[in-house]
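Data first, discussion second: the structure below is written as structure tokens.
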Amino acid sequence: MPKAYVLEMFPYPSGRLHMGHVRNYAMGDVVARHKKAKGYNVLHPMGWDAFGMPAENAAMEKGVHPGDWTYQNIDAMKAQFEKLGLSLDWSREFATCDPDYYGEQQRLFLKFMEKGLVYQKKAKVNWDPVDNTVLANEQVIDGKGWRSGAPVEQRELVQWFFRITDYAEDLLTEVQKLDRWPEKVRTMQANWIGRSEGLQMRFEWEPPTGFTSLDEAEQAFAQDDYDLTKVDSCEYEDLKDALEVSAQGIEIFTTRPDTLFGASFVALSPDHPISIALAESTSEVEDFRAECAKIGTSEADIEQAPKMGYKTGLRVKHPFVEDQTLPVYIANFVLMGYGTGAIFACPAHDQRDFDFARKYDLPILPVVKPSDKETASAAWVASGKGADMDAAYTGPGTIMNSDFLDGQEIAAAKSQAIGQIEDRALGQGTVNYRLRDWGVSRQRYWGCPIPVIHCEECGIVPVPESDLPVRLPDDVSFDKPGNPLEHHPTWKHCTCPNCGKPALRETDTLDTFNDSSWYFARFASVDDPAERAYWLPVDQYVGGVEHAVLHLLYARFFMRAMRDVGEVDLPSGEPFAGLFTQGMVTHETYKTDDDRWITPGEVETRDGGLWEINTDHAVSVGAIEKMSKSKKNVVDPDNIIATFGADTARWFVLSDSPPERDVEWTQSGAEGAGRFVQRVWSVFNALSTAPRDGQPNDSDAATALRRASHKAADAVDKAIEEFRFNSAIASVHEWVTVLKKAEQGAEDILYARFEGAFMLARCLTPFMPHLAEECWSLIGGEGLCSAAAWPDVDQSLLVEDSVTLPIQVNGKRRAEISVAKTASKDDIEATALAEPSVQNFIADKSIKKVIVVPGRIVNIVI
RNA sequence: GCGGAUGUGACGGAAUUGGUAGACGUGCCAGAUUUAGGUUCUGGUGUCGCAAGGCGUGGAGGUUCGAGUCCUCUCAUCCGCACCA
């Protein structure tokens with residue numbers, strides 16, 4: 001029996017289910033129930049992503065313990081879950097805040113540490129001033145915290161990191177092979193990893209004016225013995241500062257080594273260590289850095305931000321051209337977070353460099369002759385100076401003005417330039433990634449404690465496995481800002497497992513994205529590697545697209561890391577073979593004439609307009625948006641279930657829109673779904689008292705009904721498999737209409753009606769399990785409908801004996817004919833031509849050609 | 001700017017490989033049932049036209065006997081990334 005691991009992203013226990021959950025879990029349930037009916041061994045578990053900030057916020061606001069708050073919410077939500085009739089395996093349930101779970105996570109952390117996948121470093125990190133914690137790069141959206149929405153600040157802190165970049169190449173190549181993932185998500189991950197091939201190289205320092213070599217200058221610095229009258233003091237002081245940071249020169253990364261001959265300056269990020277060193281001794285540099293930081297935080301109009309530069313007194317040597325030196329600028333458009341935080345600029349072939357060069361009047365030397373003749377014939381090529389360029393040229397072409405690279409195509413020139421740099425031992429060809437290591441330290445209480453101990457003697461010591469889990473203390477207070485674990489009087493004090501001396505526990509907890517990075521493996525088995533290997537990977541994962549980068553990237557990393565420390569037998573390292581990202585549930589928004597958002601329940605229709613109930617405030621309908629508390633356009637699943645029933649809610653959220661798109665919740669739509677439930681019931685009700693001993697026969701009416709049922713069951717089957725639930729539902733609607741009409745038919749189709757009804761109940765189970773079960777037992781179905789196998793479709797019934805063919809004349813439909821399935825092309829052609837309405841169109845014109853596609857169409861060309 | 005999508009009735013959306021555009025649902029219209037409203041049921045509903053017929057899948061071209069579907073250009077909307085060297 002093949003296995004099918006069906007999983008929906010587990011919820012955060014906020015306390016209430018929302019319609020988005022209903023849609024998400026309804027979809028997963030359709031897949032799980034369908035797979036089960038098709039004979040798969042199905043795993044469909046559920047649990048709780050239970051660590052997180054809201055619990056701490058509740059603790060601060062209401063004085064409840066985060067754990068109590070969380071477990072109460074879990075109870076409340078589980079009750080809601082149970083009403084939905086989902087085929088979940090609750091025997092595997094856990095919450096990530098269970099010590100069993102996070103203890104195991106701590107063990108994994110230590111395994112990763114042993115393997116060298118974890119390290120600690122002092123780094124500039126994203127600090128969320130509202131949540132009072134650090135955020136990973138992925139968790140900063142548009143310069144704001146992903147949860148709090150507060151503008152992120154930069155702080156320098158010692159932090160724990162996971163070496164996700166070790167897997168950058170693998171994460172990138174493998175994501176492209178996940179053919180059951182949405183293209184969009186694959187691209188987003190690929191872009192996030194951001195691979196680029198190029199050259200990392202060093203521009204060596206030019207000695208200050210007055211010295212013939214760097215050695216000589218250095219010696220002078222070292223002995224503090226130099227004659228200020230001999231040198232340009234600014235240059236001299238700058239170089240002295242810079243040498244302390246980097247004696248070798250400036251390391252840059254470029255993807256365009258082919259344009260090295262067009263270099264006109266080198267630029268450092270304002271956050272580059274050399275920039276910082278210069279700022280310490282020169283207030284102008286400090287001012288410039290401050291200026292840049294200002295713009296950096298007002299993120300929105302980075303596009304409009306003008307290029308700004310500060311000219312240092314530093315100069316570096318051109319790697320290829322003897323005696324040519326380049327000035328070094330600090331430039332606001334160079335990011336410390338990418339490459340080495342320093343670039344060489346070729347203004348003729350990079351727009352940013354171009355803008356900068358224009359502003360500061362630096363040389364612009366074109367070195368790529370465009371292959372496009374029109375552009376190439378422009379005046380600037382002739383001038384060879386680029387004085388007439390109005391924009392950088394970044395297209396294809398051949399190299400010029402470049403000594404040994406002249407005449408080559410760009411690609412060839414790149415590799416030759418890299419070769420030359422390598423020969424001169426100035427650098428090497430490298431691959432650079434945008435992805436950076438995952439900072440996992442969080443200064444929060446309600447998370448998984450990082451299981452290490454800081455000892456003055458022994459340094460960082462892992463907590464021995466026998467001491468796991470490192471439990472969170474229960475007696476914590478949230479009355480002051482910052483990390484409650486840090487404030488706790490005793491918790492952090494311990495003895496070093498190594499030397500036995502007093503030591504301190506790490507008080508940072510793990511980013512909660514760790515918790516969701518391996519929970520699916522825990523579902524598969526608590527600790528049996530063989531059972532995990534059997535279930536993994538997840539065959540169908542269903543969840544929101546908002547996790548396209550964060551959760552899905554981390555989980556992919558975690559499986560690789562777990563594989564490499566021998567914790568999971570998953571050669572590919574890919575946790576999710578199939579991914580489906582569902583759309584949101586939206587609703588109209590309502591605003592009163594005095595500018596308040598109000599809930600759908602507070603709106604009534606009166607005098608042909610919309611009004612707030614029991615007031616005289618007119619209501620206007622706003623945009624259709626994702627249900628949110630702020631816009632008050634929320635529909636509560638509990639109310640819907642009380643009014644319409646769980647089946648109706650499930651049916652409706654799947655019916656109108658394709659699953660990957662947003663669906664708008666409407667009252668009338670929900671009522672329509674409720675009507676349909678009644679309609680289905682009436683079909684079964686009509687059969688409940690009918691005699692069940694109808695004999696099979698092959699009357700036309702019976703055969704037609706059987707065809708309809710088998711075709712519909714087949715269509716539902718295929719639509720579910722292809723995640724086209726809205727189409728499956730449309731097929732069911734048609735099917736029910738046919739069965740309803742058959743109630744008027746003669747007695748001799750009763751057996752076909754029963755056959756259809758049994759098949760229908762079975763096909764309805766994935767969508768409306770309660771209704772299907774009732775209907776099934778109403779007509780005497782054996783056992784549980786949900787335990788029955790998917791109906792066998794009689795393939796012979798899917799093919800019609802005769803087919804209706806449209807007849808086109810010159811490509812326009814003019815008539816229809818009915819012919820036997822087996823009719824020959826000649827017969828079809830003859831029948832078509834004999835059709836009177838066709839004759840009208842042909843009249844006296846001569847027929848040029850007749851195209852007959854059997855089973856499809858006839859086209860007569862005149 | 002780069003990347004990914006999406007454009008079809010009043011609305012959500014259907015439409016194997018190019019082969020009857022508008023399935024199904026909502027809304028609307030009409031009729032039946034009902035003491036009324038609601039419910040339920042039946043029929044109708046792309047558009048212009050009395051009709052014959054014409055026109056119609058964001059727009060403009062093209063390929064084809066035949067295009068929502070393929071090609072070229074273009075417009076609009078949404079999403080992601082964004083001074084990525």
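In the structure tokens, the first chain shown is A, the next is B, and so on; residue numbers restart at 1 for each chain, and ligands run from 1 in the order shown.
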Hey, list the chain B side of the contact with chain A: 6 Å cut-off, only C-alpha atoms (C1' of nucleotides), answer as a PyMOL selection string.
chain B and resi 4+12+19-20+24+66+83+85
List every residue of stretch 536-626 of chain A that DSSP, applied to the backbone of this structure, places in helix (DSSP H, G or I), and write the result as a list in words.
Val545, Glu546, His547, Leu550, His551, Leu552, Leu553, Tyr554, Ala555, Arg556, Phe557, Phe558, Met559, Arg560, Ala561, Met562, Arg563, Asp564, Pro600, Gly601 and Glu602 of chain A
At what distance in Å, to one decimal, does atom CA of A:Arg23 lie from atom CA of A:Ile640?
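Result for atom CA of A:Ile640 versus atom CA of A:Arg23: 13.1 Å, one decimal.
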DSSP on the backbone, strand (DSSP E) only: what residues of stretch 532-633 of chain A does that give? Format it as a VMD selection string.
chain A and resid 540 to 544 579 to 582 585 to 592 597 to 598 603 to 606 609 to 612 619 to 626
Find the residues around B:A76 up to 12 Å (only C-alpha atoms (C1' of nucleotides) counted), leave out those fewer than 2 positions away in its own chain, and share them as a PyMOL selection string.
chain B and resi 6-7+58-59+74+78
Take the residues from that selection and write them out as a PDB file, in the first residue's frame, keeping N, CA and C atoms (P, O5', C5', C4', C3', O3' and C1' of nucleotides).
ATOM      1  P     U B   6      -1.085  32.778 -15.012  1.00  0.00           P
ATOM      2  O5'   U B   6      -2.277  33.803 -14.822  1.00  0.00           O
ATOM      3  C5'   U B   6      -3.000  33.822 -13.596  1.00  0.00           C
ATOM      4  C4'   U B   6      -3.748  35.113 -13.478  1.00  0.00           C
ATOM      5  C3'   U B   6      -4.504  35.533 -14.728  1.00  0.00           C
ATOM      6  O3'   U B   6      -5.696  34.787 -14.841  1.00  0.00           O
ATOM      7  C1'   U B   6      -3.365  37.394 -13.829  1.00  0.00           C
ATOM      8  P     G B   7      -6.496  34.770 -16.212  1.00  0.00           P
ATOM      9  O5'   G B   7      -7.270  36.121 -16.015  1.00  0.00           O
ATOM     10  C5'   G B   7      -7.776  36.783 -17.106  1.00  0.00           C
ATOM     11  C4'   G B   7      -8.150  38.184 -16.683  1.00  0.00           C
ATOM     12  C3'   G B   7      -8.916  38.881 -17.796  1.00  0.00           C
ATOM     13  O3'   G B   7      -9.771  39.861 -17.253  1.00  0.00           O
ATOM     14  C1'   G B   7      -6.785  39.897 -17.513  1.00  0.00           C
ATOM     15  P     G B  58      -8.936  38.696 -22.648  1.00  0.00           P
ATOM     16  O5'   G B  58      -8.991  40.275 -22.834  1.00  0.00           O
ATOM     17  C5'   G B  58      -9.890  41.049 -22.055  1.00  0.00           C
ATOM     18  C4'   G B  58      -9.518  42.491 -22.172  1.00  0.00           C
ATOM     19  C3'   G B  58      -9.001  42.919 -23.544  1.00  0.00           C
ATOM     20  O3'   G B  58     -10.036  43.182 -24.462  1.00  0.00           O
ATOM     21  C1'   G B  58      -7.557  43.725 -21.873  1.00  0.00           C
ATOM     22  P     G B  59      -9.787  42.990 -26.025  1.00  0.00           P
ATOM     23  O5'   G B  59      -8.693  44.100 -26.344  1.00  0.00           O
ATOM     24  C5'   G B  59      -9.068  45.466 -26.473  1.00  0.00           C
ATOM     25  C4'   G B  59      -7.908  46.261 -27.013  1.00  0.00           C
ATOM     26  C3'   G B  59      -7.379  45.794 -28.365  1.00  0.00           C
ATOM     27  O3'   G B  59      -8.138  46.294 -29.437  1.00  0.00           O
ATOM     28  C1'   G B  59      -5.572  46.112 -26.896  1.00  0.00           C
ATOM     29  P     U B  74       6.733  46.045 -26.348  1.00  0.00           P
ATOM     30  O5'   U B  74       5.244  46.561 -26.143  1.00  0.00           O
ATOM     31  C5'   U B  74       4.801  47.770 -26.759  1.00  0.00           C
ATOM     32  C4'   U B  74       3.328  47.954 -26.528  1.00  0.00           C
ATOM     33  C3'   U B  74       2.898  48.037 -25.063  1.00  0.00           C
ATOM     34  O3'   U B  74       3.101  49.327 -24.516  1.00  0.00           O
ATOM     35  C1'   U B  74       1.452  46.577 -26.221  1.00  0.00           C
ATOM     36  P     C B  78      -2.659  47.214  -8.176  1.00  0.00           P
ATOM     37  O5'   C B  78      -2.382  45.701  -7.738  1.00  0.00           O
ATOM     38  C5'   C B  78      -3.387  44.951  -7.093  1.00  0.00           C
ATOM     39  C4'   C B  78      -2.979  43.505  -7.019  1.00  0.00           C
ATOM     40  C3'   C B  78      -1.648  43.237  -6.330  1.00  0.00           C
ATOM     41  O3'   C B  78      -1.748  43.284  -4.924  1.00  0.00           O
ATOM     42  C1'   C B  78      -1.753  41.985  -8.315  1.00  0.00           C
TER      43        C B  78
END
Give me the residues near A:Ser709 as a PDB file with all heavy atoms, in the first residue's frame, where near means some atom within 10 Å (using only C-alpha atoms (C1' of nucleotides)) and where sequence neighbours in that chain fewer than 5 positions away do not count.
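Once everything was written out, this is out.pdb:
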ATOM      1  N   THR A 703     -29.122   3.770 -18.812  1.00  0.00           N
ATOM      2  CA  THR A 703     -27.746   3.909 -19.291  1.00  0.00           C
ATOM      3  C   THR A 703     -27.302   5.367 -19.241  1.00  0.00           C
ATOM      4  O   THR A 703     -26.177   5.665 -18.827  1.00  0.00           O
ATOM      5  CB  THR A 703     -27.616   3.367 -20.729  1.00  0.00           C
ATOM      6  OG1 THR A 703     -28.184   2.055 -20.751  1.00  0.00           O
ATOM      7  CG2 THR A 703     -26.172   3.315 -21.153  1.00  0.00           C
ATOM      8  N   ALA A 704     -28.196   6.259 -19.628  1.00  0.00           N
ATOM      9  CA  ALA A 704     -27.840   7.678 -19.616  1.00  0.00           C
ATOM     10  C   ALA A 704     -27.513   8.139 -18.202  1.00  0.00           C
ATOM     11  O   ALA A 704     -26.529   8.857 -17.982  1.00  0.00           O
ATOM     12  CB  ALA A 704     -28.987   8.510 -20.188  1.00  0.00           C
ATOM     13  N   ASP A 714     -15.698  10.266 -12.204  1.00  0.00           N
ATOM     14  CA  ASP A 714     -14.394  10.340 -12.844  1.00  0.00           C
ATOM     15  C   ASP A 714     -13.875  11.788 -12.827  1.00  0.00           C
ATOM     16  O   ASP A 714     -12.710  12.045 -12.541  1.00  0.00           O
ATOM     17  CB  ASP A 714     -14.514   9.828 -14.284  1.00  0.00           C
ATOM     18  CG  ASP A 714     -13.150   9.628 -14.924  1.00  0.00           C
ATOM     19  OD1 ASP A 714     -12.288   8.994 -14.281  1.00  0.00           O
ATOM     20  OD2 ASP A 714     -12.953  10.124 -16.046  1.00  0.00           O
ATOM     21  N   ALA A 715     -14.777  12.716 -13.125  1.00  0.00           N
ATOM     22  CA  ALA A 715     -14.387  14.130 -13.172  1.00  0.00           C
ATOM     23  C   ALA A 715     -13.983  14.622 -11.782  1.00  0.00           C
ATOM     24  O   ALA A 715     -12.982  15.339 -11.636  1.00  0.00           O
ATOM     25  CB  ALA A 715     -15.535  14.973 -13.723  1.00  0.00           C
ATOM     26  N   VAL A 732     -20.082  18.057  -9.298  1.00  0.00           N
ATOM     27  CA  VAL A 732     -21.050  17.492  -8.348  1.00  0.00           C
ATOM     28  C   VAL A 732     -22.409  18.178  -8.511  1.00  0.00           C
ATOM     29  O   VAL A 732     -23.450  17.528  -8.489  1.00  0.00           O
ATOM     30  CB  VAL A 732     -20.532  17.616  -6.896  1.00  0.00           C
ATOM     31  CG1 VAL A 732     -21.614  17.219  -5.905  1.00  0.00           C
ATOM     32  CG2 VAL A 732     -19.293  16.760  -6.697  1.00  0.00           C
ATOM     33  N   GLU A 734     -23.702  19.456 -11.208  1.00  0.00           N
ATOM     34  CA  GLU A 734     -24.371  18.932 -12.398  1.00  0.00           C
ATOM     35  C   GLU A 734     -24.925  17.529 -12.139  1.00  0.00           C
ATOM     36  O   GLU A 734     -26.030  17.187 -12.564  1.00  0.00           O
ATOM     37  CB  GLU A 734     -23.378  18.878 -13.567  1.00  0.00           C
ATOM     38  CG  GLU A 734     -23.067  20.239 -14.135  1.00  0.00           C
ATOM     39  CD  GLU A 734     -22.057  20.154 -15.260  1.00  0.00           C
ATOM     40  OE1 GLU A 734     -20.845  20.181 -14.962  1.00  0.00           O
ATOM     41  OE2 GLU A 734     -22.468  20.037 -16.430  1.00  0.00           O
ATOM     42  N   TRP A 735     -24.133  16.772 -11.438  1.00  0.00           N
ATOM     43  CA  TRP A 735     -24.482  15.393 -11.128  1.00  0.00           C
ATOM     44  C   TRP A 735     -25.783  15.348 -10.308  1.00  0.00           C
ATOM     45  O   TRP A 735     -26.714  14.598 -10.600  1.00  0.00           O
ATOM     46  CB  TRP A 735     -23.327  14.780 -10.349  1.00  0.00           C
ATOM     47  CG  TRP A 735     -23.359  13.306 -10.136  1.00  0.00           C
ATOM     48  CD1 TRP A 735     -24.280  12.412 -10.604  1.00  0.00           C
ATOM     49  CD2 TRP A 735     -22.387  12.562  -9.406  1.00  0.00           C
ATOM     50  NE1 TRP A 735     -23.952  11.162 -10.194  1.00  0.00           N
ATOM     51  CE2 TRP A 735     -22.787  11.215  -9.459  1.00  0.00           C
ATOM     52  CE3 TRP A 735     -21.225  12.895  -8.701  1.00  0.00           C
ATOM     53  CZ2 TRP A 735     -22.051  10.197  -8.840  1.00  0.00           C
ATOM     54  CZ3 TRP A 735     -20.499  11.892  -8.091  1.00  0.00           C
ATOM     55  CH2 TRP A 735     -20.909  10.559  -8.162  1.00  0.00           C
ATOM     56  N   VAL A 736     -25.843  16.193  -9.298  1.00  0.00           N
ATOM     57  CA  VAL A 736     -27.021  16.224  -8.437  1.00  0.00           C
ATOM     58  C   VAL A 736     -28.255  16.656  -9.236  1.00  0.00           C
ATOM     59  O   VAL A 736     -29.345  16.110  -9.048  1.00  0.00           O
ATOM     60  CB  VAL A 736     -26.781  17.142  -7.215  1.00  0.00           C
ATOM     61  CG1 VAL A 736     -28.075  17.387  -6.454  1.00  0.00           C
ATOM     62  CG2 VAL A 736     -25.733  16.527  -6.305  1.00  0.00           C
ATOM     63  N   VAL A 738     -28.797  16.040 -12.345  1.00  0.00           N
ATOM     64  CA  VAL A 738     -29.194  14.873 -13.134  1.00  0.00           C
ATOM     65  C   VAL A 738     -29.946  13.873 -12.251  1.00  0.00           C
ATOM     66  O   VAL A 738     -31.004  13.362 -12.623  1.00  0.00           O
ATOM     67  CB  VAL A 738     -27.966  14.207 -13.783  1.00  0.00           C
ATOM     68  CG1 VAL A 738     -28.349  12.877 -14.421  1.00  0.00           C
ATOM     69  CG2 VAL A 738     -27.345  15.130 -14.812  1.00  0.00           C
ATOM     70  N   LEU A 739     -29.409  13.620 -11.063  1.00  0.00           N
ATOM     71  CA  LEU A 739     -30.062  12.667 -10.158  1.00  0.00           C
ATOM     72  C   LEU A 739     -31.439  13.179  -9.723  1.00  0.00           C
ATOM     73  O   LEU A 739     -32.387  12.414  -9.565  1.00  0.00           O
ATOM     74  CB  LEU A 739     -29.184  12.413  -8.926  1.00  0.00           C
ATOM     75  CG  LEU A 739     -27.957  11.539  -9.159  1.00  0.00           C
ATOM     76  CD1 LEU A 739     -27.047  11.551  -7.943  1.00  0.00           C
ATOM     77  CD2 LEU A 739     -28.363  10.095  -9.490  1.00  0.00           C
ATOM     78  N   ALA A 752     -30.208   2.385 -11.215  1.00  0.00           N
ATOM     79  CA  ALA A 752     -29.189   3.347 -11.637  1.00  0.00           C
ATOM     80  C   ALA A 752     -29.169   4.537 -10.694  1.00  0.00           C
ATOM     81  O   ALA A 752     -28.115   5.123 -10.442  1.00  0.00           O
ATOM     82  CB  ALA A 752     -29.457   3.800 -13.073  1.00  0.00           C
ATOM     83  N   ARG A 753     -30.336   4.874 -10.157  1.00  0.00           N
ATOM     84  CA  ARG A 753     -30.387   5.979  -9.191  1.00  0.00           C
ATOM     85  C   ARG A 753     -29.651   5.593  -7.913  1.00  0.00           C
ATOM     86  O   ARG A 753     -28.916   6.393  -7.346  1.00  0.00           O
ATOM     87  CB  ARG A 753     -31.834   6.354  -8.877  1.00  0.00           C
ATOM     88  CG  ARG A 753     -32.523   7.110 -10.013  1.00  0.00           C
ATOM     89  CD  ARG A 753     -33.999   7.321  -9.738  1.00  0.00           C
ATOM     90  NE  ARG A 753     -34.235   8.081  -8.504  1.00  0.00           N
ATOM     91  CZ  ARG A 753     -35.398   8.078  -7.844  1.00  0.00           C
ATOM     92  NH1 ARG A 753     -36.424   7.347  -8.290  1.00  0.00           N
ATOM     93  NH2 ARG A 753     -35.544   8.799  -6.749  1.00  0.00           N
ATOM     94  N   GLU A 755     -27.265   3.356  -7.676  1.00  0.00           N
ATOM     95  CA  GLU A 755     -25.828   3.299  -7.996  1.00  0.00           C
ATOM     96  C   GLU A 755     -25.240   4.700  -7.932  1.00  0.00           C
ATOM     97  O   GLU A 755     -24.195   4.936  -7.319  1.00  0.00           O
ATOM     98  CB  GLU A 755     -25.606   2.702  -9.394  1.00  0.00           C
ATOM     99  CG  GLU A 755     -24.143   2.596  -9.745  1.00  0.00           C
ATOM    100  CD  GLU A 755     -23.903   2.312 -11.230  1.00  0.00           C
ATOM    101  OE1 GLU A 755     -24.485   3.009 -12.086  1.00  0.00           O
ATOM    102  OE2 GLU A 755     -23.113   1.402 -11.525  1.00  0.00           O
ATOM    103  N   GLY A 756     -25.942   5.647  -8.588  1.00  0.00           N
ATOM    104  CA  GLY A 756     -25.471   7.026  -8.610  1.00  0.00           C
ATOM    105  C   GLY A 756     -25.389   7.605  -7.215  1.00  0.00           C
ATOM    106  O   GLY A 756     -24.417   8.295  -6.874  1.00  0.00           O
ATOM    107  N   ALA A 757     -26.388   7.321  -6.380  1.00  0.00           N
ATOM    108  CA  ALA A 757     -26.417   7.889  -5.038  1.00  0.00           C
ATOM    109  C   ALA A 757     -25.258   7.370  -4.190  1.00  0.00           C
ATOM    110  O   ALA A 757     -24.609   8.130  -3.468  1.00  0.00           O
ATOM    111  CB  ALA A 757     -27.751   7.583  -4.374  1.00  0.00           C
ATOM    112  N   PHE A 758     -24.988   6.081  -4.292  1.00  0.00           N
ATOM    113  CA  PHE A 758     -23.849   5.541  -3.532  1.00  0.00           C
ATOM    114  C   PHE A 758     -22.536   6.167  -3.991  1.00  0.00           C
ATOM    115  O   PHE A 758     -21.659   6.502  -3.190  1.00  0.00           O
ATOM    116  CB  PHE A 758     -23.794   4.002  -3.657  1.00  0.00           C
ATOM    117  CG  PHE A 758     -24.743   3.302  -2.717  1.00  0.00           C
ATOM    118  CD1 PHE A 758     -25.802   2.538  -3.203  1.00  0.00           C
ATOM    119  CD2 PHE A 758     -24.572   3.412  -1.340  1.00  0.00           C
ATOM    120  CE1 PHE A 758     -26.675   1.902  -2.342  1.00  0.00           C
ATOM    121  CE2 PHE A 758     -25.447   2.770  -0.461  1.00  0.00           C
ATOM    122  CZ  PHE A 758     -26.498   2.019  -0.971  1.00  0.00           C
ATOM    123  N   MET A 759     -22.418   6.307  -5.303  1.00  0.00           N
ATOM    124  CA  MET A 759     -21.187   6.923  -5.817  1.00  0.00           C
ATOM    125  C   MET A 759     -21.088   8.377  -5.360  1.00  0.00           C
ATOM    126  O   MET A 759     -20.021   8.856  -4.976  1.00  0.00           O
ATOM    127  CB  MET A 759     -21.165   6.867  -7.351  1.00  0.00           C
ATOM    128  CG  MET A 759     -20.997   5.463  -7.908  1.00  0.00           C
ATOM    129  SD  MET A 759     -21.187   5.443  -9.706  1.00  0.00           S
ATOM    130  CE  MET A 759     -19.533   5.812 -10.231  1.00  0.00           C
ATOM    131  N   LEU A 760     -22.226   9.055  -5.400  1.00  0.00           N
ATOM    132  CA  LEU A 760     -22.237  10.471  -5.018  1.00  0.00           C
ATOM    133  C   LEU A 760     -21.829  10.643  -3.554  1.00  0.00           C
ATOM    134  O   LEU A 760     -20.985  11.495  -3.230  1.00  0.00           O
ATOM    135  CB  LEU A 760     -23.624  11.068  -5.254  1.00  0.00           C
ATOM    136  CG  LEU A 760     -23.821  12.499  -4.749  1.00  0.00           C
ATOM    137  CD1 LEU A 760     -22.890  13.469  -5.475  1.00  0.00           C
ATOM    138  CD2 LEU A 760     -25.277  12.941  -4.936  1.00  0.00           C
ATOM    139  N   VAL A 793     -14.887   3.442 -11.541  1.00  0.00           N
ATOM    140  CA  VAL A 793     -15.517   4.054 -12.705  1.00  0.00           C
ATOM    141  C   VAL A 793     -15.459   3.055 -13.854  1.00  0.00           C
ATOM    142  O   VAL A 793     -14.396   2.525 -14.176  1.00  0.00           O
ATOM    143  CB  VAL A 793     -14.799   5.356 -13.078  1.00  0.00           C
ATOM    144  CG1 VAL A 793     -15.300   5.878 -14.410  1.00  0.00           C
ATOM    145  CG2 VAL A 793     -14.999   6.388 -11.970  1.00  0.00           C
ATOM    146  N   ASP A 794     -16.626   2.769 -14.430  1.00  0.00           N
ATOM    147  CA  ASP A 794     -16.699   1.872 -15.586  1.00  0.00           C
ATOM    148  C   ASP A 794     -16.308   2.658 -16.825  1.00  0.00           C
ATOM    149  O   ASP A 794     -17.070   3.494 -17.318  1.00  0.00           O
ATOM    150  CB  ASP A 794     -18.130   1.338 -15.708  1.00  0.00           C
ATOM    151  CG  ASP A 794     -18.261   0.322 -16.836  1.00  0.00           C
ATOM    152  OD1 ASP A 794     -17.349   0.291 -17.706  1.00  0.00           O
ATOM    153  OD2 ASP A 794     -19.255  -0.408 -16.853  1.00  0.00           O
ATOM    154  N   LEU A 797     -18.493   3.208 -19.809  1.00  0.00           N
ATOM    155  CA  LEU A 797     -19.613   4.147 -19.738  1.00  0.00           C
ATOM    156  C   LEU A 797     -19.190   5.581 -20.035  1.00  0.00           C
ATOM    157  O   LEU A 797     -20.021   6.467 -20.192  1.00  0.00           O
ATOM    158  CB  LEU A 797     -20.256   4.087 -18.351  1.00  0.00           C
ATOM    159  CG  LEU A 797     -21.135   2.860 -18.077  1.00  0.00           C
ATOM    160  CD1 LEU A 797     -21.496   2.791 -16.614  1.00  0.00           C
ATOM    161  CD2 LEU A 797     -22.391   2.890 -18.942  1.00  0.00           C
ATOM    162  N   LEU A 798     -17.879   5.814 -20.053  1.00  0.00           N
ATOM    163  CA  LEU A 798     -17.412   7.175 -20.297  1.00  0.00           C
ATOM    164  C   LEU A 798     -17.439   7.525 -21.776  1.00  0.00           C
ATOM    165  O   LEU A 798     -17.360   8.682 -22.151  1.00  0.00           O
ATOM    166  CB  LEU A 798     -15.984   7.351 -19.762  1.00  0.00           C
ATOM    167  CG  LEU A 798     -15.789   7.092 -18.262  1.00  0.00           C
ATOM    168  CD1 LEU A 798     -14.365   7.402 -17.859  1.00  0.00           C
ATOM    169  CD2 LEU A 798     -16.771   7.895 -17.425  1.00  0.00           C
TER     170      LEU A 798
END
Restricting the calculation to only C-alpha atoms, which member of A:Ser87, A:Ser818, A:Thr394, A:Gln80 is positioned closest to A:Glu835?
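Looking only at the distances to A:Glu835, the closest residue turns out to be A:Ser818.
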Excluding A:Ser275 and any residue of its chain fewer than 6 positions from it, enumerate the residues within 9 Å of it, using only C-alpha atoms (C1' of nucleotides), and give them as number ranges by chain.
A: 242, 268-269, 285-286, 289, 330
Go through A:Ile460, A:Val22, A:Met53, A:Val118 and flag the residue nearest A:Thr648, using only C-alpha atoms for the distances.
A:Val22
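The space separating atom CA of A:Phe203 from atom CA of A:Ile250 comes to 5.1 Å.
The space separating atom CA of A:Ser91 from atom CA of A:Trp535 comes to 15.8 Å.
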